[in-house]
Every structure is written in C-alpha cells, then in structure tokens.
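K.L.:
File my_file.cif below, mmCIF, C-alpha atoms:
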data_data
#
loop_
_atom_site.group_PDB
_atom_site.id
_atom_site.type_symbol
_atom_site.label_atom_id
_atom_site.label_comp_id
_atom_site.auth_asym_id
_atom_site.auth_seq_id
_atom_site.Cartn_x
_atom_site.Cartn_y
_atom_site.Cartn_z
ATOM 1 C CA MET A 17 -14.088 2.702 -10.515
ATOM 2 C CA CYS A 18 -17.070 1.896 -8.352
ATOM 3 C CA CYS A 19 -17.753 3.411 -4.935
ATOM 4 C CA ARG A 20 -16.347 6.820 -5.710
ATOM 5 C CA TYR A 21 -18.211 10.084 -5.773
ATOM 6 C CA TYR A 22 -17.620 13.570 -7.097
ATOM 7 C CA ILE A 23 -17.490 16.925 -5.317
ATOM 8 C CA ASP A 24 -18.190 19.717 -7.792
ATOM 9 C CA ASP A 25 -17.567 23.466 -7.605
ATOM 10 C CA ASP A 26 -21.148 24.168 -6.427
ATOM 11 C CA ILE A 27 -20.915 22.088 -3.241
ATOM 12 C CA PRO A 28 -19.452 24.843 -0.978
ATOM 13 C CA ASP A 29 -22.236 27.253 -2.007
ATOM 14 C CA GLU A 30 -24.932 24.614 -1.476
ATOM 15 C CA VAL A 31 -23.575 23.721 1.974
ATOM 16 C CA SER A 32 -23.420 27.406 2.918
ATOM 17 C CA ALA A 33 -27.035 27.883 1.797
ATOM 18 C CA LEU A 34 -28.205 24.886 3.843
ATOM 19 C CA PHE A 35 -26.373 25.997 6.960
ATOM 20 C CA ALA A 36 -26.619 29.791 6.695
ATOM 21 C CA GLY A 37 -24.762 31.603 9.422
ATOM 22 C CA ARG A 38 -22.339 28.766 10.147
ATOM 23 C CA LYS A 39 -18.657 29.538 10.053
ATOM 24 C CA ASN A 40 -16.742 28.189 7.045
ATOM 25 C CA PRO A 41 -15.382 24.862 8.292
ATOM 26 C CA GLY A 42 -12.150 25.286 6.304
ATOM 27 C CA LEU A 43 -12.377 21.844 4.720
ATOM 28 C CA ASN A 44 -10.978 20.861 1.331
ATOM 29 C CA TRP A 45 -14.029 21.429 -0.898
ATOM 30 C CA THR A 46 -12.133 21.369 -4.181
ATOM 31 C CA ALA A 47 -13.834 19.820 -7.211
ATOM 32 C CA ARG A 48 -12.558 16.260 -7.521
ATOM 33 C CA ASP A 49 -13.381 12.565 -7.428
ATOM 34 C CA ILE A 50 -13.323 10.999 -3.976
ATOM 35 C CA HIS A 51 -11.927 7.465 -4.108
ATOM 36 C CA PRO A 52 -12.024 4.818 -1.371
ATOM 37 C CA GLY A 53 -9.228 5.403 1.126
ATOM 38 C CA GLU A 54 -9.056 9.170 0.565
ATOM 39 C CA ARG A 55 -9.986 11.801 3.138
ATOM 40 C CA ALA A 56 -13.148 13.708 2.261
ATOM 41 C CA PRO A 57 -15.250 16.480 3.805
ATOM 42 C CA ILE A 58 -18.407 15.309 5.591
ATOM 43 C CA ILE A 59 -21.395 16.820 7.354
ATOM 44 C CA ALA A 60 -22.438 14.921 10.476
ATOM 45 C CA ARG A 61 -24.722 15.264 13.444
ATOM 46 C CA ASP A 62 -23.109 15.348 16.867
ATOM 47 C CA LYS A 63 -23.949 16.429 20.433
ATOM 48 C CA THR A 64 -23.764 20.108 19.484
ATOM 49 C CA GLY A 65 -25.871 19.765 16.314
ATOM 50 C CA ILE A 66 -24.296 19.772 12.860
ATOM 51 C CA SER A 67 -20.539 19.451 12.467
ATOM 52 C CA PHE A 68 -18.188 19.664 9.508
ATOM 53 C CA ASN A 69 -15.266 17.239 9.499
ATOM 54 C CA GLU A 70 -13.004 15.159 7.296
ATOM 55 C CA MET A 71 -13.009 11.389 7.340
ATOM 56 C CA LYS A 72 -11.481 8.549 5.391
ATOM 57 C CA TRP A 73 -13.909 7.133 2.791
ATOM 58 C CA GLY A 74 -14.550 3.414 3.464
ATOM 59 C CA PHE A 75 -14.427 1.024 6.407
ATOM 60 C CA PRO A 76 -11.446 -1.182 7.318
ATOM 61 C CA GLN A 77 -12.043 -4.862 6.621
ATOM 62 C CA TYR A 78 -12.207 -7.266 9.552
ATOM 63 C CA SER A 79 -8.910 -8.768 8.408
ATOM 64 C CA GLY A 80 -7.286 -5.330 8.556
ATOM 65 C CA LYS A 81 -6.315 -5.526 4.890
ATOM 66 C CA GLY A 82 -8.003 -3.139 2.478
ATOM 67 C CA LEU A 83 -11.342 -1.378 2.752
ATOM 68 C CA PHE A 84 -14.903 -2.628 2.862
ATOM 69 C CA ILE A 85 -16.886 -0.342 0.554
ATOM 70 C CA ASN A 86 -20.242 -1.921 -0.354
#
For the structure just supplied, provide its representation as structure tokens.
P.N.:
Amino acid sequence: MCCRYYIDDDIPDEVSALFAGRKNPGLNWTARDIHPGERAPIIARDKTGISFNEMKWGFPQYSGKGLFIN
C-alpha cells in the first residue's frame, strides 16, 4: 500500500537522544506500519518549542469522503 510508513523499535531511543531531558510523551511508539487514517505519534513545533502529539495520518478530502494522501 502506498503512503504508509513504518515505526521500528529504535524510534523511541532515537527520539529520546534527539530531545535529551524531555519527559517521555507517553505516545504509542510500538513497532508497526502506519496506514492512512490511523493515529500516529508526531513531533511538531509549537509556541513552547517542540511538542509530542498524536494525529491522524492524512488530510480529509474537500468532498469530505476519504483522505487526500499525496
């Protein structure tokens, strides 16, 4: 399937190394494929700096039916 990506077992350690000293965000960092429409952990910049969140992968289509991926 196109437009999916994979989170492997090393991702939590790599994120921790990049953002040393930050509290564990408590997100679902389990090794798995992330498919369009699923919730996935993200790293984003916000007013306070770097934040850890979960978001739905993909954008809703203008028609409201399905997801726009590419």
K.L.:
Can you give me, as a list in words, the residues this file yields under the PyMOL selection byres ((chain A and resi 75) around 10)?
P.N.:
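Listing what the PyMOL selection byres ((chain A and resi 75) around 10) selects in the shown file: Pro52, Gly53, Lys72, Trp73, Gly74, Pro76, Gln77, Tyr78, Gly80, Gly82, Leu83, Phe84, Ile85 and Asn86 of chain A.
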K.L.:
Run the PyMOL selection byres ((chain A and resi 21) around 8) on the file and write out the hits as a PyMOL selection string.
P.N.:
chain A and resi 19-20+22-23+49-51
K.L.:
So the first atom is CA of Asn69 in chain A and the second is CA of Ala56 in chain A; what is the distance between them in Å, to one decimal place?
P.N.:
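Separation of CA of Asn69 in chain A and CA of Ala56 in chain A: 8.3 Å.
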K.L.:
From the options A:Ile66, A:Asp26, A:Ser79, A:Ile58, which residue's atoms come nearest to Thr46 in chain A, counting all atoms listed in the file?
P.N.:
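So, comparing all the options, the nearest one is A:Asp26.
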K.L.:
Between CA of Phe68 in chain A and CA of Pro28 in chain A, measure the distance and give it in Å to one decimal.
P.N.:
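CA of Pro28 in chain A lies 11.8 Å from CA of Phe68 in chain A.
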K.L.:
Kindly give the distance, in Å, that separates CA of Ser32 in chain A and CA of Thr64 in chain A, rounded to a single decimal.
P.N.:
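These two atoms are separated by 18.1 Å.
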K.L.:
Choose the residue, out of A:Lys81, A:Met71, A:Asp24, A:Ile59, that has the smallest atom-to-atom separation from Ala47 in chain A; count only C-alpha atoms.
P.N.:
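Smallest distance to Ala47 in chain A is found for A:Asp24.
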